[in-house]
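Here is the structure we will look at.
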Amino acid sequence: MKRINIIILLLLSFLLLAGCMKKEERFVPQTMADLRGHTVAVNSGTTQEKIARMVTEKENVQCLPGGLDALVALDAGQSDVALIERANMFSDDFHRLALEEAFTDSTTQEPLATAMRRDDVALLQEFTNFFDSLDVTGGLEEIKSRWLNPNLTDNQKKVVIRQKDVPTRGKRVLHIGSDYSYPPYTITVNNEKTGYEIELWQRFCMTHGYGLVCDVYSFDALLPALMSKRIDIIAAGMSITPDREAKVSFAPADDYSVTSVLIRKEGNKGNRGFFESVKDGFDRSLVQQDRWEMIVDGFWVTMWIFFGSLVLGVLLGAILSYMQMSRHRTLVLMANAYISLMRNIPILVLLLVMYYIILAGTGLSAMMVAIIASAMNFGAYIAVMFTTGIKAVDNGQKEAGLALGLTPFQTFIYIIAPQAARHIIPVFQGEAISLLKGTSIVGYISIVDLTKASDLIRNASFEAFFPLIFTAVIYFCLCWLLGKSLDILLKKISK
Amino acid sequence: MITIKNLSKTYKMPDGSQLEVLKNIDCHIAKGDVISIIGPSGTGKSTFLRCLNGIDPATSGEIIFGGMNILDKNTKLNKVRQKMGMVFQSFNLFDHMTVLENVSFGPIRILGMNKTEADEKSRELLRMVGLEDKADVMPRNLSGGQKQRVAIARSLSMNPDCILFDEPTSALDPTMVGEVLHVIRQLAQQGMTMLIVTHEMIFARDVSTRVLFMCEGGIYEEGTPEQIFSNPQKTATRNFIGSIRQSR
């Protein structure tokens, strides 16, 4: 117990120290040419990434995967400037950051639009007709006046269609994929998935009697998800480029990307230190807009996946272990081949293979795919654990059980298993904790678990510190509890 | 009680050849017999014993016990073994149970006795082997001799018709051999049918009603202890008995 206190103290003081140390004078660029030699944060896959690669050296481009992580990186002092889509700034959340625009770069403009599969010609046609009629009736003007208005920064006032107003069933169900982290095109407000492009599709579906389901992917994962038919539409403020047009078809351009060069405001030392971050961050990342609800939802998703794959994995492991100890050579070989396959493929790759390839056409939900993939991996480790644990029990124990008059099955249950458990549980403890922590990758396949929820909050609130620390603390507590309860179980069975 | 006809056992060696460990054994064991099985190492004494309750399956022949042929595929071996106890060289007490639980496990789980009754009976058996005070101790805290006495009590707990002893004192310190043999002697006096593979010749001579001398996978010579120890008829038996005398 004492040791844990000391470790926590050490951690805290380390964070405090990191918060106090800070250097550097302010860098204020005037033109794009000034950026050479300075670190530039951009969001991966955006027009700004391309611009950054042109204006500064390759090693100075910090390409961040999540929606608006470039802003967070700039605010945290990780880079000198950040390049973002100008419209990204039209929100209160942005104005709370001590960041400002150095200048707007209007030389590179790229159209933005939602994207569909090329073979989905009907959908493109229907949406184009809808979009044109919206333009004619003036509906589009009204929508733009809310979402694309630099002077309307209160995101909550922009939302007129709630997610629950749009049916999820209909003549056809459209899956719309987005990171919901790229305001104003796609954003999370009051734990609702909304935004300019989302609203266009919401209106489209309501008019046509279609269902709409919102799936969460990181920006990088949207194109693969579209190509593998996991989603039907990408609505993420995606700029229209020749490369992309070769693969997907774009709806009529709904806006133009204009790049803003951002810097920290005077007095923003890049890092606000530990206590300030906690106070301010707690409010912004958890209290405002009831963002804590996302953490709670994410927590339950993580729990579901963990327990689901724990149970399935133990079952699978038991079967594999039985095969490994079987007298039939083929069963042993099959089990061994499976185990070495699973042990030598990273779990993330396995997850993506299952999601995009093997289980792609089965209609299984992402959650089920995550549980299956985790269980497949976990089962291999469990099998090895079971087999070694059972083999560690002296053969004389089995003989004594049989000689007493037990059936082989009873011998296993009453004699072998309880003794094997003593060898297994200490190893199992570590593996179960790994499994729990390993579930944090399911965000890659559109599941909003605890980790992904903290990503979304970070992107919506531009607050990196608190959601991450809070999530880390939750994982720590969960893993610690899990470890403790297995300790207690172990003590109980080994008197 | 046990009739063994033409019992053989062969092992398949990794190179594909056959190793014959038991060759055409015929033997009859009557109720109340105390049979010592002696002979040089590697002659199949233990294997013979382990074939009797099917822990090592025999290759061919018949073992009739209580009207059932143990080698018949349809015979429920667990039922047979409930009536034919076995005591091992390495004790094989259940490591995760207390001494009392080791003894009461069979009656409770297999015979369906209620716990109070089973505990009472188990304590009585522990008293008989002189270990009543160790009832709540874990096996790892016992000496070898004590473990083997618990193992005997465990096998008695099932009320067996006969007990097989597979070198019950070979893994013991010389100082502990006596306490275990004492218990077996007691059982012999009570008329328990027993087959004992042993290297304790004096004990074998004193306690047995019959001695089997095994050599090269078969029963080479058998007879009363008097016949085998004092007046062996065959050369190999004579050599074996002689070698023991010399080593004294």
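By order of appearance in the structure tokens: chains A, B, ..., then residues from 1 within every chain, and ligands from 1 in the order shown.
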(request) Tell me which protein, DNA and RNA residues are within 9 Å of Glu101 in chain B, counting only C-alpha atoms, leaving out same-chain ones fewer than 2 positions away, and put them as a PyMOL selection string. (result) chain B and resi 94+97-99+103-106+119+122+135-136
(request) Pull out every residue of chain B sitting within 7 Å of chain A, counting only C-alpha atoms, and send them as a PyMOL selection string. (result) chain B and resi 55+78-79+81-82+85-86+92+94+96+106+155
I need the chosen residues saved as an mmCIF file, in the first residue's frame, with N, CA and C atoms.
```
data_model
loop_
_atom_site.group_PDB
_atom_site.id
_atom_site.type_symbol
_atom_site.label_atom_id
_atom_site.label_comp_id
_atom_site.auth_asym_id
_atom_site.auth_seq_id
_atom_site.Cartn_x
_atom_site.Cartn_y
_atom_site.Cartn_z
ATOM 1 N N ILE B 55 -5.210 -48.688 -14.879
ATOM 2 C CA ILE B 55 -4.511 -47.399 -14.998
ATOM 3 C C ILE B 55 -3.528 -47.478 -16.154
ATOM 4 N N ASN B 78 -14.309 -46.846 -13.647
ATOM 5 C CA ASN B 78 -14.394 -46.137 -12.363
ATOM 6 C C ASN B 78 -15.150 -46.954 -11.310
ATOM 7 N N LYS B 79 -16.153 -47.720 -11.770
ATOM 8 C CA LYS B 79 -16.894 -48.573 -10.825
ATOM 9 C C LYS B 79 -15.980 -49.670 -10.274
ATOM 10 N N ARG B 81 -12.726 -49.575 -10.024
ATOM 11 C CA ARG B 81 -11.688 -49.020 -9.160
ATOM 12 C C ARG B 81 -12.221 -48.615 -7.789
ATOM 13 N N GLN B 82 -13.528 -48.333 -7.716
ATOM 14 C CA GLN B 82 -14.095 -48.002 -6.412
ATOM 15 C C GLN B 82 -13.983 -49.184 -5.456
ATOM 16 N N GLY B 85 -8.812 -50.627 -4.349
ATOM 17 C CA GLY B 85 -8.011 -49.460 -3.992
ATOM 18 C C GLY B 85 -6.586 -49.591 -4.480
ATOM 19 N N MET B 86 -5.895 -48.455 -4.489
ATOM 20 C CA MET B 86 -4.496 -48.504 -4.888
ATOM 21 C C MET B 86 -3.677 -47.514 -4.068
ATOM 22 N N ASN B 92 0.931 -39.679 -3.799
ATOM 23 C CA ASN B 92 -0.096 -39.003 -4.605
ATOM 24 C C ASN B 92 -1.309 -38.541 -3.804
ATOM 25 N N PHE B 94 -3.868 -35.760 -2.622
ATOM 26 C CA PHE B 94 -4.351 -34.579 -3.333
ATOM 27 C C PHE B 94 -3.789 -33.335 -2.638
ATOM 28 N N HIS B 96 -4.167 -30.236 -2.888
ATOM 29 C CA HIS B 96 -4.967 -29.054 -2.578
ATOM 30 C C HIS B 96 -6.008 -29.323 -1.504
ATOM 31 N N GLY B 106 -13.553 -39.276 -1.310
ATOM 32 C CA GLY B 106 -14.180 -40.415 -2.000
ATOM 33 C C GLY B 106 -15.579 -40.699 -1.486
ATOM 34 N N SER B 155 -7.509 -44.911 0.683
ATOM 35 C CA SER B 155 -7.977 -46.017 -0.137
ATOM 36 C C SER B 155 -8.965 -46.881 0.644
#
```
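The protein and nucleic acid residues lying at most 8 Å from Thr10 in chain B are B:Gln18, B:Leu19, B:Glu20, B:Val21, B:Leu22, B:Ala58, B:Thr59, with only C-alpha atoms considered and sequence neighbours fewer than 6 positions away removed.
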(request) Assign secondary structure with DSSP using the backbone only, and return the residues of range 128-264 of chain A in strand (DSSP E or B) as a PyMOL selection string. (result) chain A and resi 173-178+182+186-189+192-194+211-216+233-239+248-250+255-264
Name the residues in contact with Tyr475 in chain A at a cut-off of 10 Å, using only C-alpha atoms, excluding same-chain residues fewer than 2 positions from it; report them as a PDB file with N, CA and C atoms, in the first residue's frame.
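Result file is out.pdb:
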```pdb
ATOM      1  N   PHE A 299     -17.062   4.000 -21.060  1.00  0.00           N
ATOM      2  CA  PHE A 299     -16.693   3.050 -20.015  1.00  0.00           C
ATOM      3  C   PHE A 299     -17.476   1.746 -20.175  1.00  0.00           C
ATOM      4  N   THR A 302     -16.287  -0.226 -23.124  1.00  0.00           N
ATOM      5  CA  THR A 302     -15.039  -0.919 -22.789  1.00  0.00           C
ATOM      6  C   THR A 302     -15.317  -2.163 -21.944  1.00  0.00           C
ATOM      7  N   ILE A 433      -5.294  -8.264 -17.576  1.00  0.00           N
ATOM      8  CA  ILE A 433      -5.031  -6.827 -17.548  1.00  0.00           C
ATOM      9  C   ILE A 433      -4.617  -6.348 -18.937  1.00  0.00           C
ATOM     10  N   LEU A 436      -7.690  -6.030 -21.056  1.00  0.00           N
ATOM     11  CA  LEU A 436      -8.463  -4.826 -20.751  1.00  0.00           C
ATOM     12  C   LEU A 436      -7.816  -3.597 -21.392  1.00  0.00           C
ATOM     13  N   LYS A 437      -6.512  -3.484 -21.223  1.00  0.00           N
ATOM     14  CA  LYS A 437      -5.828  -2.335 -21.815  1.00  0.00           C
ATOM     15  C   LYS A 437      -5.851  -2.420 -23.341  1.00  0.00           C
ATOM     16  N   SER A 440      -8.356  -0.753 -25.862  1.00  0.00           N
ATOM     17  CA  SER A 440      -8.316   0.678 -26.189  1.00  0.00           C
ATOM     18  C   SER A 440      -8.099   0.938 -27.679  1.00  0.00           C
ATOM     19  N   LEU A 450     -13.824   3.899 -24.081  1.00  0.00           N
ATOM     20  CA  LEU A 450     -13.286   4.883 -23.150  1.00  0.00           C
ATOM     21  C   LEU A 450     -12.204   5.753 -23.817  1.00  0.00           C
ATOM     22  N   THR A 451     -11.289   5.116 -24.508  1.00  0.00           N
ATOM     23  CA  THR A 451     -10.201   5.858 -25.158  1.00  0.00           C
ATOM     24  C   THR A 451     -10.733   6.779 -26.252  1.00  0.00           C
ATOM     25  N   ILE A 469      -5.741  12.302 -18.855  1.00  0.00           N
ATOM     26  CA  ILE A 469      -5.396  11.898 -17.493  1.00  0.00           C
ATOM     27  C   ILE A 469      -6.566  11.158 -16.852  1.00  0.00           C
ATOM     28  N   PHE A 470      -7.756  11.678 -17.077  1.00  0.00           N
ATOM     29  CA  PHE A 470      -8.948  11.072 -16.485  1.00  0.00           C
ATOM     30  C   PHE A 470      -9.108   9.642 -16.997  1.00  0.00           C
ATOM     31  N   THR A 471      -8.929   9.476 -18.301  1.00  0.00           N
ATOM     32  CA  THR A 471      -9.032   8.150 -18.880  1.00  0.00           C
ATOM     33  C   THR A 471      -7.954   7.225 -18.329  1.00  0.00           C
ATOM     34  N   ALA A 472      -6.742   7.770 -18.223  1.00  0.00           N
ATOM     35  CA  ALA A 472      -5.645   6.960 -17.678  1.00  0.00           C
ATOM     36  C   ALA A 472      -5.974   6.497 -16.271  1.00  0.00           C
ATOM     37  N   VAL A 473      -6.553   7.421 -15.476  1.00  0.00           N
ATOM     38  CA  VAL A 473      -6.894   7.070 -14.097  1.00  0.00           C
ATOM     39  C   VAL A 473      -7.968   5.975 -14.077  1.00  0.00           C
ATOM     40  N   CYS A 477      -7.487   2.321 -12.403  1.00  0.00           N
ATOM     41  CA  CYS A 477      -8.347   1.787 -11.350  1.00  0.00           C
ATOM     42  C   CYS A 477      -8.932   0.440 -11.772  1.00  0.00           C
ATOM     43  N   LEU A 478      -9.407   0.369 -13.013  1.00  0.00           N
ATOM     44  CA  LEU A 478     -10.003  -0.874 -13.497  1.00  0.00           C
ATOM     45  C   LEU A 478      -8.994  -2.019 -13.437  1.00  0.00           C
ATOM     46  N   CYS A 479      -7.802  -1.761 -13.950  1.00  0.00           N
ATOM     47  CA  CYS A 479      -6.786  -2.814 -13.998  1.00  0.00           C
ATOM     48  C   CYS A 479      -6.356  -3.203 -12.597  1.00  0.00           C
ATOM     49  N   TRP A 480      -6.239  -2.194 -11.743  1.00  0.00           N
ATOM     50  CA  TRP A 480      -5.825  -2.461 -10.378  1.00  0.00           C
ATOM     51  C   TRP A 480      -6.874  -3.330  -9.671  1.00  0.00           C
ATOM     52  N   LEU A 481      -8.129  -2.968  -9.832  1.00  0.00           N
ATOM     53  CA  LEU A 481      -9.217  -3.741  -9.227  1.00  0.00           C
ATOM     54  C   LEU A 481      -9.218  -5.172  -9.739  1.00  0.00           C
TER      55      LEU A 481
END
```
(request) Give me the residues within 8 Å of range 206-217 of chain B as a list of chain:residue names, counting only C-alpha atoms and dropping any in the same chain fewer than 4 places off. (result)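 In the requested format, the answer is B:Glu20, B:Val21, B:Leu22, B:Lys23, B:Asp33, B:Val34, B:Ile35, B:Ser36, B:Ile37, B:Ile38, B:Gly39, B:Pro40, B:Gly42, B:Thr43, B:Gly44, B:Lys45, B:Arg185, B:Ala188, B:Ile202, B:Glu221, B:Glu222, B:Gly223, B:Thr224, B:Pro225, B:Ile228, B:Ala236, B:Thr237.
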Suppose we keep N, CA, C and O atoms; can you now write the selection as a compact mmCIF listing (two decimals), in the first residue's frame?
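This is the output file part-v5.txt:
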```txt
# COMPACT_ATOMS: atom_id res chain seq x y z
N GLU B 20 7.52 -56.28 -25.30
CA GLU B 20 6.55 -57.07 -24.53
C GLU B 20 6.93 -56.98 -23.07
O GLU B 20 7.98 -57.50 -22.67
N VAL B 21 6.09 -56.31 -22.26
CA VAL B 21 6.45 -56.17 -20.85
C VAL B 21 5.76 -57.22 -19.98
O VAL B 21 6.29 -57.62 -18.95
N LEU B 22 4.58 -57.66 -20.38
CA LEU B 22 3.90 -58.73 -19.63
C LEU B 22 3.57 -59.84 -20.62
O LEU B 22 3.04 -59.58 -21.69
N LYS B 23 3.91 -61.07 -20.23
CA LYS B 23 3.73 -62.19 -21.17
C LYS B 23 2.81 -63.24 -20.56
O LYS B 23 3.17 -63.91 -19.59
N ASP B 33 -6.47 -63.31 0.38
CA ASP B 33 -5.07 -63.50 0.00
C ASP B 33 -4.26 -62.23 0.27
O ASP B 33 -4.72 -61.13 0.00
N VAL B 34 -3.04 -62.43 0.78
CA VAL B 34 -2.09 -61.32 0.83
C VAL B 34 -0.91 -61.76 -0.02
O VAL B 34 -0.18 -62.69 0.35
N ILE B 35 -0.82 -61.15 -1.20
CA ILE B 35 0.16 -61.64 -2.16
C ILE B 35 1.28 -60.64 -2.33
O ILE B 35 1.05 -59.46 -2.62
N SER B 36 2.51 -61.08 -2.10
CA SER B 36 3.66 -60.22 -2.35
C SER B 36 4.19 -60.54 -3.72
O SER B 36 4.29 -61.71 -4.11
N ILE B 37 4.52 -59.49 -4.46
CA ILE B 37 5.10 -59.68 -5.77
C ILE B 37 6.54 -59.19 -5.70
O ILE B 37 6.79 -58.02 -5.39
N ILE B 38 7.47 -60.10 -5.91
CA ILE B 38 8.88 -59.73 -5.81
C ILE B 38 9.57 -60.03 -7.15
O ILE B 38 8.97 -60.65 -8.02
N GLY B 39 10.79 -59.57 -7.24
CA GLY B 39 11.54 -59.84 -8.46
C GLY B 39 12.46 -58.70 -8.81
O GLY B 39 12.33 -57.61 -8.24
N PRO B 40 13.39 -58.92 -9.74
CA PRO B 40 14.33 -57.87 -10.13
C PRO B 40 13.60 -56.66 -10.72
O PRO B 40 12.46 -56.79 -11.18
N GLY B 42 12.43 -53.86 -13.35
CA GLY B 42 12.22 -53.89 -14.80
C GLY B 42 11.61 -55.18 -15.30
O GLY B 42 11.67 -55.48 -16.47
N THR B 43 10.99 -55.94 -14.39
CA THR B 43 10.38 -57.19 -14.86
C THR B 43 8.87 -57.07 -14.98
O THR B 43 8.18 -58.05 -15.22
N GLY B 44 8.35 -55.88 -14.79
CA GLY B 44 6.92 -55.68 -15.01
C GLY B 44 6.04 -55.84 -13.79
O GLY B 44 4.82 -55.95 -13.92
N LYS B 45 6.63 -55.81 -12.58
CA LYS B 45 5.81 -55.98 -11.36
C LYS B 45 4.78 -54.85 -11.23
O LYS B 45 3.59 -55.10 -11.04
N ARG B 185 0.38 -54.59 7.83
CA ARG B 185 0.26 -55.82 8.63
C ARG B 185 -1.10 -55.89 9.32
O ARG B 185 -1.77 -56.92 9.31
N ALA B 188 -3.66 -56.88 6.98
CA ALA B 188 -3.56 -58.31 6.67
C ALA B 188 -4.27 -59.12 7.75
O ALA B 188 -5.02 -60.06 7.46
N ILE B 202 11.71 -59.42 4.24
CA ILE B 202 11.31 -59.98 5.54
C ILE B 202 9.82 -59.77 5.75
O ILE B 202 9.09 -60.67 6.15
N GLU B 221 7.83 -68.01 -10.80
CA GLU B 221 7.62 -69.05 -9.79
C GLU B 221 6.70 -68.50 -8.73
O GLU B 221 6.77 -67.33 -8.40
N GLU B 222 5.80 -69.30 -8.21
CA GLU B 222 4.97 -68.82 -7.11
C GLU B 222 4.79 -69.90 -6.08
O GLU B 222 4.94 -71.09 -6.36
N GLY B 223 4.48 -69.45 -4.86
CA GLY B 223 4.31 -70.43 -3.80
C GLY B 223 4.14 -69.74 -2.47
O GLY B 223 4.00 -68.51 -2.41
N THR B 224 4.15 -70.54 -1.42
CA THR B 224 4.07 -69.94 -0.08
C THR B 224 5.39 -69.23 0.18
O THR B 224 6.40 -69.54 -0.47
N PRO B 225 5.42 -68.32 1.14
CA PRO B 225 6.68 -67.63 1.45
C PRO B 225 7.78 -68.65 1.77
O PRO B 225 8.92 -68.48 1.35
N ILE B 228 9.19 -70.11 -1.53
CA ILE B 228 9.96 -69.20 -2.37
C ILE B 228 11.26 -68.77 -1.69
O ILE B 228 12.32 -68.74 -2.30
N ALA B 236 16.54 -68.90 -11.64
CA ALA B 236 16.46 -67.44 -11.52
C ALA B 236 15.97 -67.05 -10.14
O ALA B 236 16.45 -66.07 -9.55
N THR B 237 15.01 -67.77 -9.62
CA THR B 237 14.49 -67.48 -8.28
C THR B 237 15.62 -67.66 -7.26
O THR B 237 15.83 -66.81 -6.40
```
(request) State, in Å with one decimal place, the distance from CA of Lys158 in chain A to CA of Glu49 in chain A. (result)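 Here the two named atoms are 28.0 Å from each other.
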(message) Quick one: residues within 8 Å of range 90-107 of chain A, only C-alpha atoms, excluding same-chain residues fewer than 4 positions away - as a list of chain:residue names?
(response)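 The residues that qualify are A:Val28, A:Pro29, A:Gln30, A:Thr31, A:Met32, A:Asp75, A:Arg86, A:Leu148, A:Asn149, A:Pro150, A:Asn151, A:Leu152, A:Thr153, A:Asp154, A:Asn155, A:Pro183, A:Pro184, A:Val258, A:Thr259, A:Ser260, A:Val261, A:Leu262, A:Ile263, A:Arg264, A:Lys265, A:Asn268, A:Ala460, A:Ser461, A:Phe462.
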For those residues, write N, CA, C and O atoms to a file as an mmCIF file, in the first residue's frame.
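Saved file part_39.cif follows:
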```
data_model
loop_
_atom_site.group_PDB
_atom_site.id
_atom_site.type_symbol
_atom_site.label_atom_id
_atom_site.label_comp_id
_atom_site.auth_asym_id
_atom_site.auth_seq_id
_atom_site.Cartn_x
_atom_site.Cartn_y
_atom_site.Cartn_z
ATOM 1 N N VAL A 28 6.104 34.915 -34.717
ATOM 2 C CA VAL A 28 4.946 35.461 -35.434
ATOM 3 C C VAL A 28 5.245 35.519 -36.930
ATOM 4 O O VAL A 28 5.939 36.428 -37.396
ATOM 5 N N PRO A 29 4.768 34.566 -37.684
ATOM 6 C CA PRO A 29 5.039 34.572 -39.119
ATOM 7 C C PRO A 29 4.137 35.559 -39.851
ATOM 8 O O PRO A 29 3.036 35.879 -39.389
ATOM 9 N N GLN A 30 4.634 36.097 -40.969
ATOM 10 C CA GLN A 30 3.832 37.016 -41.787
ATOM 11 C C GLN A 30 3.325 36.343 -43.053
ATOM 12 O O GLN A 30 2.200 36.585 -43.482
ATOM 13 N N THR A 31 4.175 35.529 -43.638
ATOM 14 C CA THR A 31 3.793 34.842 -44.870
ATOM 15 C C THR A 31 4.148 33.371 -44.742
ATOM 16 O O THR A 31 4.824 32.961 -43.795
ATOM 17 N N MET A 32 3.671 32.603 -45.708
ATOM 18 C CA MET A 32 3.943 31.185 -45.685
ATOM 19 C C MET A 32 5.445 30.903 -45.728
ATOM 20 O O MET A 32 5.921 29.923 -45.163
ATOM 21 N N ASP A 75 -1.290 24.403 -28.728
ATOM 22 C CA ASP A 75 -1.593 24.943 -27.410
ATOM 23 C C ASP A 75 -0.673 24.339 -26.354
ATOM 24 O O ASP A 75 -0.278 25.004 -25.403
ATOM 25 N N ARG A 86 -9.942 27.357 -41.952
ATOM 26 C CA ARG A 86 -10.346 28.605 -41.303
ATOM 27 C C ARG A 86 -11.658 28.437 -40.539
ATOM 28 O O ARG A 86 -11.817 28.934 -39.420
ATOM 29 N N LEU A 148 -21.546 28.142 -41.138
ATOM 30 C CA LEU A 148 -20.346 28.725 -41.739
ATOM 31 C C LEU A 148 -20.262 30.221 -41.475
ATOM 32 O O LEU A 148 -19.691 30.975 -42.252
ATOM 33 N N ASN A 149 -20.817 30.666 -40.376
ATOM 34 C CA ASN A 149 -20.853 32.076 -40.036
ATOM 35 C C ASN A 149 -19.785 32.384 -38.993
ATOM 36 O O ASN A 149 -19.870 31.921 -37.859
ATOM 37 N N PRO A 150 -18.764 33.165 -39.348
ATOM 38 C CA PRO A 150 -17.662 33.438 -38.412
ATOM 39 C C PRO A 150 -18.143 34.107 -37.133
ATOM 40 O O PRO A 150 -17.458 34.036 -36.111
ATOM 41 N N ASN A 151 -19.291 34.766 -37.180
ATOM 42 C CA ASN A 151 -19.735 35.515 -36.006
ATOM 43 C C ASN A 151 -20.625 34.704 -35.068
ATOM 44 O O ASN A 151 -20.890 35.116 -33.943
ATOM 45 N N LEU A 152 -21.100 33.550 -35.552
ATOM 46 C CA LEU A 152 -21.915 32.714 -34.666
ATOM 47 C C LEU A 152 -21.009 31.619 -34.111
ATOM 48 O O LEU A 152 -20.671 30.650 -34.793
ATOM 49 N N THR A 153 -20.553 31.827 -32.882
ATOM 50 C CA THR A 153 -19.560 30.885 -32.350
ATOM 51 C C THR A 153 -20.155 29.902 -31.345
ATOM 52 O O THR A 153 -19.488 28.975 -30.928
ATOM 53 N N ASP A 154 -21.383 30.114 -30.924
ATOM 54 C CA ASP A 154 -21.985 29.192 -29.954
ATOM 55 C C ASP A 154 -22.511 27.958 -30.694
ATOM 56 O O ASP A 154 -23.554 27.990 -31.336
ATOM 57 N N ASN A 155 -21.757 26.878 -30.589
ATOM 58 C CA ASN A 155 -22.121 25.668 -31.328
ATOM 59 C C ASN A 155 -23.534 25.184 -31.011
ATOM 60 O O ASN A 155 -24.219 24.638 -31.857
ATOM 61 N N PRO A 183 -15.043 20.733 -36.800
ATOM 62 C CA PRO A 183 -16.055 21.769 -36.932
ATOM 63 C C PRO A 183 -15.708 22.723 -38.078
ATOM 64 O O PRO A 183 -14.519 22.913 -38.356
ATOM 65 N N PRO A 184 -16.683 23.308 -38.702
ATOM 66 C CA PRO A 184 -18.121 23.149 -38.419
ATOM 67 C C PRO A 184 -18.752 22.028 -39.244
ATOM 68 O O PRO A 184 -19.943 21.814 -39.161
ATOM 69 N N VAL A 258 -10.095 27.144 -46.720
ATOM 70 C CA VAL A 258 -9.149 28.254 -46.678
ATOM 71 C C VAL A 258 -8.282 28.013 -45.460
ATOM 72 O O VAL A 258 -8.778 27.662 -44.394
ATOM 73 N N THR A 259 -6.982 28.177 -45.621
ATOM 74 C CA THR A 259 -6.080 27.814 -44.539
ATOM 75 C C THR A 259 -5.744 29.009 -43.651
ATOM 76 O O THR A 259 -5.430 30.087 -44.143
ATOM 77 N N SER A 260 -5.831 28.771 -42.333
ATOM 78 C CA SER A 260 -5.404 29.786 -41.375
ATOM 79 C C SER A 260 -4.115 29.330 -40.718
ATOM 80 O O SER A 260 -3.962 28.153 -40.400
ATOM 81 N N VAL A 261 -3.204 30.298 -40.522
ATOM 82 C CA VAL A 261 -1.978 29.977 -39.803
ATOM 83 C C VAL A 261 -2.158 30.484 -38.379
ATOM 84 O O VAL A 261 -2.393 31.665 -38.153
ATOM 85 N N LEU A 262 -2.077 29.569 -37.406
ATOM 86 C CA LEU A 262 -2.344 29.923 -36.016
ATOM 87 C C LEU A 262 -1.066 29.932 -35.199
ATOM 88 O O LEU A 262 -0.162 29.126 -35.434
ATOM 89 N N ILE A 263 -1.052 30.826 -34.235
ATOM 90 C CA ILE A 263 0.062 30.855 -33.282
ATOM 91 C C ILE A 263 -0.518 31.004 -31.882
ATOM 92 O O ILE A 263 -1.708 31.277 -31.713
ATOM 93 N N ARG A 264 0.341 30.811 -30.884
ATOM 94 C CA ARG A 264 -0.101 31.030 -29.510
ATOM 95 C C ARG A 264 -0.177 32.531 -29.236
ATOM 96 O O ARG A 264 0.624 33.302 -29.752
ATOM 97 N N LYS A 265 -1.150 32.920 -28.421
ATOM 98 C CA LYS A 265 -1.262 34.330 -28.047
ATOM 99 C C LYS A 265 -0.118 34.706 -27.122
ATOM 100 O O LYS A 265 0.477 33.842 -26.480
ATOM 101 N N ASN A 268 0.830 32.960 -23.689
ATOM 102 C CA ASN A 268 0.608 31.515 -23.694
ATOM 103 C C ASN A 268 1.963 30.844 -23.815
ATOM 104 O O ASN A 268 2.576 30.827 -24.864
ATOM 105 N N ALA A 460 -13.321 18.005 -29.246
ATOM 106 C CA ALA A 460 -14.416 18.961 -29.132
ATOM 107 C C ALA A 460 -14.045 20.107 -28.211
ATOM 108 O O ALA A 460 -14.485 21.232 -28.395
ATOM 109 N N SER A 461 -13.224 19.826 -27.185
ATOM 110 C CA SER A 461 -12.946 20.859 -26.186
ATOM 111 C C SER A 461 -11.558 21.458 -26.362
ATOM 112 O O SER A 461 -11.208 22.399 -25.671
ATOM 113 N N PHE A 462 -10.758 20.908 -27.259
ATOM 114 C CA PHE A 462 -9.363 21.309 -27.445
ATOM 115 C C PHE A 462 -8.588 21.195 -26.154
ATOM 116 O O PHE A 462 -7.656 21.932 -25.897
#
```
(request) Taking the chain letters and numbering used in this document, name the residues of range 73-214 of chain A that DSSP puts in alpha helix (DSSP H), as JSON, numbers by chain. (result) {"A": [73, 74, 75, 92, 93, 94, 95, 96, 121, 122, 123, 124, 125, 126, 127, 128, 129, 130, 131, 132, 133, 134, 135, 136, 137, 139, 140, 141, 142, 143, 144, 145, 146, 147, 155, 156, 157, 158, 196, 197, 198, 199, 200, 201, 202, 203, 204, 205, 206, 207, 208]}
(request) Write out as JSON, numbers by chain each polymer residue whose atoms come within 12 Å of Lys452 in chain A, counting only C-alpha atoms; drop sequence neighbours fewer than 2 positions from it. (result) {"A": [66, 67, 179, 180, 181, 216, 217, 218, 294, 295, 296, 297, 298, 299, 301, 302, 439, 440, 441, 442, 443, 444, 445, 446, 447, 448, 449, 450, 454, 455, 456, 457, 458, 459, 467, 468, 471]}
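Rounded to one decimal, CA of Val55 in chain A and CA of Ala33 in chain A lie 6.4 Å from each other.
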(request) Just give me the gap between CA of Val332 in chain A and CA of Val369 in chain A in Å, one decimal is fine. (result)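 Spanning CA of Val332 in chain A to CA of Val369 in chain A is a straight-line distance of 26.8 Å.
Minimum atom-to-atom distance to Phe307 in chain A, evaluated using only C-alpha atoms, belongs to A:Ile372 out of A:Gln125, A:Tyr185, A:Ile372, A:Leu222.
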